[in-house]
Amino acid sequence: MLKHYETVFIATPVLSDSQIKEAVKKYRDIITENGGEIVHEENWGLKKLAYPIQKKTTGFYNLIEFKANPEFIAKLDIQYRRDERIIRYLVFSMDKHAIEYAEKRRSNKTENKKGE
């Protein structure tokens, strides 16, 4: 059975736009090639870090919400650890409250865009 997950990763700020897109595509492909299903994706762009990581003070943030088999998460973890472009990452299992919150947040964003 597929479980709901969310992953946020921070890519090193020295990457070009095309390198960032390539990194994001890599993780999208890893998820889908392993039987996962992408629910939602957000690119938060370049943001200041709360504290320096590997002597860097900024990073490119990206969020992917997806459904996958629980066994897949270990594979994803290994991919993140091996990728020198990724300076921090987090993968967590979403309970029904987190899923509801994410859906509500997405619908608020689309309503705000319509109103602009």
# chains A, B, ... in the order shown; residues from 1 in each chain; ligands from 1
$ closest_atom_pairs --of "region 31-55 of chain A" --to "region 93-110 of chain A" --cutoff "12 Å" --atoms "only C-alpha atoms" --output "JSON lines"
{"residue": "A:Val39", "atom": "CA", "partner": "A:Glu103", "partner_atom": "CA", "distance": 10.1}
{"residue": "A:His40", "atom": "CA", "partner": "A:Arg106", "partner_atom": "CA", "distance": 8.8}
{"residue": "A:Glu41", "atom": "CA", "partner": "A:Arg106", "partner_atom": "CA", "distance": 10.2}
{"residue": "A:Glu42", "atom": "CA", "partner": "A:Arg106", "partner_atom": "CA", "distance": 10.0}
$ write_last_selection --atoms "N, CA, C and O atoms" --output "CSV table (one decimal), in the first residue's frame"
chain,number,residue,atom,x,y,z
A,39,VAL,N,2.3,13.9,-5.9
A,39,VAL,CA,1.0,14.6,-5.6
A,39,VAL,C,1.2,16.1,-5.9
A,39,VAL,O,0.3,16.7,-6.5
A,40,HIS,N,2.3,16.7,-5.4
A,40,HIS,CA,2.4,18.1,-5.5
A,40,HIS,C,3.9,18.5,-5.4
A,40,HIS,O,4.7,17.7,-4.8
A,41,GLU,N,4.2,19.6,-6.0
A,41,GLU,CA,5.6,20.0,-6.0
A,41,GLU,C,5.7,21.5,-5.9
A,41,GLU,O,4.9,22.2,-6.5
A,42,GLU,N,6.6,22.0,-5.1
A,42,GLU,CA,6.8,23.4,-5.0
A,42,GLU,C,8.3,23.8,-5.0
A,42,GLU,O,9.1,23.1,-4.4
$ residues_around --residues "Ile20 (chain A)" --least-positions-apart "2" --cutoff "12 Å" --atoms "only C-alpha atoms" --output "CSV table (one decimal) with N, CA and C atoms, in the first residue's frame"
chain,number,residue,atom,x,y,z
A,9,PHE,N,14.2,19.3,0.2
A,9,PHE,CA,15.6,19.2,0.2
A,9,PHE,C,16.2,20.6,-0.2
A,10,ILE,N,17.4,20.8,0.3
A,10,ILE,CA,18.1,22.1,0.0
A,10,ILE,C,19.3,21.8,-0.8
A,11,ALA,N,19.3,22.4,-2.0
A,11,ALA,CA,20.5,22.2,-2.9
A,11,ALA,C,21.5,23.4,-2.7
A,12,THR,N,22.7,23.1,-2.9
A,12,THR,CA,23.8,24.1,-2.8
A,12,THR,C,23.5,25.3,-3.6
A,13,PRO,N,23.8,26.5,-3.1
A,13,PRO,CA,23.5,27.8,-3.9
A,13,PRO,C,24.4,28.0,-5.1
A,14,VAL,N,25.5,27.2,-5.2
A,14,VAL,CA,26.4,27.5,-6.4
A,14,VAL,C,25.9,26.9,-7.7
A,15,LEU,N,24.8,26.2,-7.7
A,15,LEU,CA,24.2,25.6,-8.9
A,15,LEU,C,23.6,26.6,-9.8
A,16,SER,N,23.6,26.4,-11.1
A,16,SER,CA,22.9,27.2,-12.1
A,16,SER,C,21.5,26.8,-12.1
A,17,ASP,N,20.6,27.6,-12.8
A,17,ASP,CA,19.2,27.2,-12.9
A,17,ASP,C,19.0,25.8,-13.5
A,18,SER,N,19.8,25.6,-14.6
A,18,SER,CA,19.6,24.3,-15.2
A,18,SER,C,20.1,23.1,-14.3
A,22,GLU,N,17.8,20.0,-13.1
A,22,GLU,CA,18.3,18.7,-13.2
A,22,GLU,C,18.2,17.9,-11.9
A,23,ALA,N,18.6,18.5,-10.8
A,23,ALA,CA,18.5,17.9,-9.5
A,23,ALA,C,17.1,17.5,-9.1
A,24,VAL,N,16.2,18.5,-9.3
A,24,VAL,CA,14.8,18.2,-9.0
A,24,VAL,C,14.2,17.1,-9.9
A,25,LYS,N,14.6,17.1,-11.2
A,25,LYS,CA,14.1,16.1,-12.1
A,25,LYS,C,14.6,14.7,-11.7
A,26,LYS,N,15.8,14.7,-11.2
A,26,LYS,CA,16.4,13.4,-10.7
A,26,LYS,C,15.6,12.8,-9.6
A,27,TYR,N,15.2,13.6,-8.6
A,27,TYR,CA,14.4,13.1,-7.5
A,27,TYR,C,13.0,12.8,-7.9
A,43,ASN,N,8.7,24.8,-5.7
A,43,ASN,CA,10.0,25.3,-5.8
A,43,ASN,C,10.0,26.6,-5.0
A,44,TRP,N,10.7,26.6,-3.8
A,44,TRP,CA,10.7,27.8,-2.9
A,44,TRP,C,11.8,28.7,-3.3
A,45,GLY,N,12.7,28.3,-4.2
A,45,GLY,CA,13.7,29.2,-4.6
A,45,GLY,C,14.9,29.3,-3.6
A,46,LEU,N,15.7,30.4,-3.8
A,46,LEU,CA,16.9,30.6,-3.0
A,46,LEU,C,16.5,31.3,-1.7
A,59,GLY,N,20.5,28.5,0.2
A,59,GLY,CA,20.3,27.3,-0.5
A,59,GLY,C,19.0,27.3,-1.3
A,60,PHE,N,18.9,26.4,-2.3
A,60,PHE,CA,17.7,26.3,-3.1
A,60,PHE,C,16.8,25.3,-2.5
A,61,TYR,N,15.6,25.7,-2.0
A,61,TYR,CA,14.6,24.8,-1.4
A,61,TYR,C,13.6,24.3,-2.4
A,62,ASN,N,13.3,23.0,-2.2
A,62,ASN,CA,12.3,22.3,-3.0
A,62,ASN,C,11.5,21.3,-2.2
A,85,ARG,N,25.2,17.7,-4.5
A,85,ARG,CA,24.4,19.0,-4.7
A,85,ARG,C,23.4,19.3,-3.5
A,86,ILE,N,23.1,18.2,-2.8
A,86,ILE,CA,22.1,18.4,-1.7
A,86,ILE,C,22.8,18.6,-0.4
$ select_by_dssp --residues "region 2-115 of chain A" --states "alpha helix (DSSP H)" --output "PyMOL selection string"
chain A and resi 17-33+72-82+96-115
$ select_by_dssp --residues "chain A" --states "strand (DSSP E)" --output "PyMOL selection string"
chain A and resi 3-11+37-53+56-68+86-93
$ write_last_selection --atoms "N, CA and C atoms" --output "tab-separated table (two decimals), in the first residue's frame"
chain	number	residue	atom	x	y	z
A	3	LYS	N	1.97	4.94	0.93
A	3	LYS	CA	1.79	5.91	2.01
A	3	LYS	C	2.12	7.30	1.49
A	4	HIS	N	1.62	8.28	2.18
A	4	HIS	CA	1.80	9.68	1.78
A	4	HIS	C	3.08	10.22	2.44
A	5	TYR	N	3.95	10.85	1.67
A	5	TYR	CA	5.19	11.41	2.20
A	5	TYR	C	5.39	12.82	1.66
A	6	GLU	N	6.25	13.55	2.35
A	6	GLU	CA	6.66	14.86	1.88
A	6	GLU	C	8.17	14.92	2.06
A	7	THR	N	8.86	15.44	1.08
A	7	THR	CA	10.30	15.62	1.22
A	7	THR	C	10.65	17.05	0.86
A	8	VAL	N	11.53	17.62	1.64
A	8	VAL	CA	12.07	18.95	1.35
A	8	VAL	C	13.58	18.77	1.29
A	9	PHE	N	14.18	19.30	0.23
A	9	PHE	CA	15.64	19.25	0.17
A	9	PHE	C	16.20	20.61	-0.17
A	10	ILE	N	17.41	20.84	0.29
A	10	ILE	CA	18.10	22.11	0.03
A	10	ILE	C	19.31	21.80	-0.84
A	11	ALA	N	19.33	22.43	-2.00
A	11	ALA	CA	20.46	22.25	-2.92
A	11	ALA	C	21.45	23.39	-2.70
A	37	GLU	N	4.17	8.09	-6.73
A	37	GLU	CA	3.27	8.97	-7.47
A	37	GLU	C	3.40	10.37	-6.88
A	38	ILE	N	3.76	11.35	-7.70
A	38	ILE	CA	3.95	12.71	-7.20
A	38	ILE	C	2.60	13.39	-7.10
A	39	VAL	N	2.32	13.93	-5.90
A	39	VAL	CA	1.04	14.57	-5.63
A	39	VAL	C	1.15	16.08	-5.88
A	40	HIS	N	2.25	16.67	-5.42
A	40	HIS	CA	2.42	18.11	-5.50
A	40	HIS	C	3.90	18.45	-5.42
A	41	GLU	N	4.25	19.58	-6.01
A	41	GLU	CA	5.65	20.00	-5.98
A	41	GLU	C	5.71	21.52	-5.88
A	42	GLU	N	6.65	22.01	-5.10
A	42	GLU	CA	6.84	23.45	-4.96
A	42	GLU	C	8.33	23.76	-5.01
A	43	ASN	N	8.66	24.81	-5.75
A	43	ASN	CA	10.03	25.30	-5.76
A	43	ASN	C	10.02	26.59	-4.96
A	44	TRP	N	10.67	26.58	-3.82
A	44	TRP	CA	10.66	27.76	-2.94
A	44	TRP	C	11.79	28.72	-3.28
A	45	GLY	N	12.67	28.33	-4.17
A	45	GLY	CA	13.75	29.22	-4.61
A	45	GLY	C	14.90	29.34	-3.63
A	46	LEU	N	15.71	30.37	-3.85
A	46	LEU	CA	16.89	30.60	-3.02
A	46	LEU	C	16.47	31.28	-1.72
A	47	LYS	N	16.81	30.67	-0.60
A	47	LYS	CA	16.45	31.23	0.71
A	47	LYS	C	17.68	31.23	1.62
A	48	LYS	N	17.63	32.12	2.59
A	48	LYS	CA	18.70	32.20	3.58
A	48	LYS	C	18.53	31.05	4.56
A	49	LEU	N	19.63	30.40	4.91
A	49	LEU	CA	19.59	29.30	5.89
A	49	LEU	C	19.59	29.87	7.31
A	50	ALA	N	19.02	29.14	8.22
A	50	ALA	CA	18.98	29.57	9.63
A	50	ALA	C	20.40	29.60	10.22
A	51	TYR	N	21.26	28.71	9.72
A	51	TYR	CA	22.66	28.67	10.16
A	51	TYR	C	23.49	28.14	8.99
A	52	PRO	N	24.77	28.48	8.93
A	52	PRO	CA	25.60	28.02	7.80
A	52	PRO	C	25.71	26.49	7.76
A	53	ILE	N	25.60	25.94	6.56
A	53	ILE	CA	25.79	24.50	6.33
A	53	ILE	C	26.88	24.39	5.28
A	56	LYS	N	27.96	27.54	3.73
A	56	LYS	CA	27.03	28.24	2.84
A	56	LYS	C	25.91	28.84	3.68
A	57	THR	N	25.46	30.04	3.30
A	57	THR	CA	24.42	30.71	4.08
A	57	THR	C	23.08	30.73	3.36
A	58	THR	N	23.04	30.27	2.11
A	58	THR	CA	21.79	30.20	1.36
A	58	THR	C	21.69	28.84	0.67
A	59	GLY	N	20.50	28.51	0.20
A	59	GLY	CA	20.30	27.26	-0.53
A	59	GLY	C	19.00	27.31	-1.30
A	60	PHE	N	18.88	26.44	-2.31
A	60	PHE	CA	17.66	26.33	-3.10
A	60	PHE	C	16.75	25.28	-2.46
A	61	TYR	N	15.59	25.72	-2.01
A	61	TYR	CA	14.64	24.84	-1.35
A	61	TYR	C	13.65	24.26	-2.35
A	62	ASN	N	13.32	22.99	-2.19
A	62	ASN	CA	12.35	22.34	-3.05
A	62	ASN	C	11.53	21.34	-2.23
A	63	LEU	N	10.23	21.31	-2.48
A	63	LEU	CA	9.34	20.39	-1.76
A	63	LEU	C	8.67	19.47	-2.77
A	64	ILE	N	8.61	18.20	-2.45
A	64	ILE	CA	7.86	17.24	-3.27
A	64	ILE	C	6.98	16.43	-2.33
A	65	GLU	N	5.69	16.44	-2.60
A	65	GLU	CA	4.74	15.62	-1.85
A	65	GLU	C	4.44	14.42	-2.74
A	66	PHE	N	4.52	13.21	-2.19
A	66	PHE	CA	4.35	12.03	-3.03
A	66	PHE	C	3.79	10.85	-2.25
A	67	LYS	N	3.35	9.85	-3.00
A	67	LYS	CA	2.90	8.59	-2.42
A	67	LYS	C	3.88	7.52	-2.86
A	68	ALA	N	4.27	6.65	-1.93
A	68	ALA	CA	5.23	5.60	-2.27
A	68	ALA	C	5.14	4.46	-1.26
A	86	ILE	N	23.07	18.22	-2.78
A	86	ILE	CA	22.08	18.36	-1.70
A	86	ILE	C	22.81	18.58	-0.38
A	87	ILE	N	22.52	19.73	0.29
A	87	ILE	CA	23.22	20.00	1.54
A	87	ILE	C	22.37	19.61	2.77
A	88	ARG	N	21.05	19.54	2.62
A	88	ARG	CA	20.17	19.06	3.69
A	88	ARG	C	18.91	18.50	3.06
A	89	TYR	N	18.29	17.54	3.72
A	89	TYR	CA	17.03	17.00	3.23
A	89	TYR	C	16.23	16.45	4.40
A	90	LEU	N	14.94	16.30	4.17
A	90	LEU	CA	14.06	15.72	5.17
A	90	LEU	C	12.96	14.98	4.43
A	91	VAL	N	12.67	13.77	4.85
A	91	VAL	CA	11.55	13.01	4.30
A	91	VAL	C	10.69	12.62	5.48
A	92	PHE	N	9.39	12.92	5.42
A	92	PHE	CA	8.56	12.46	6.52
A	92	PHE	C	7.23	11.93	6.03
A	93	SER	N	6.71	10.99	6.79
A	93	SER	CA	5.43	10.35	6.51
A	93	SER	C	4.32	11.27	7.00
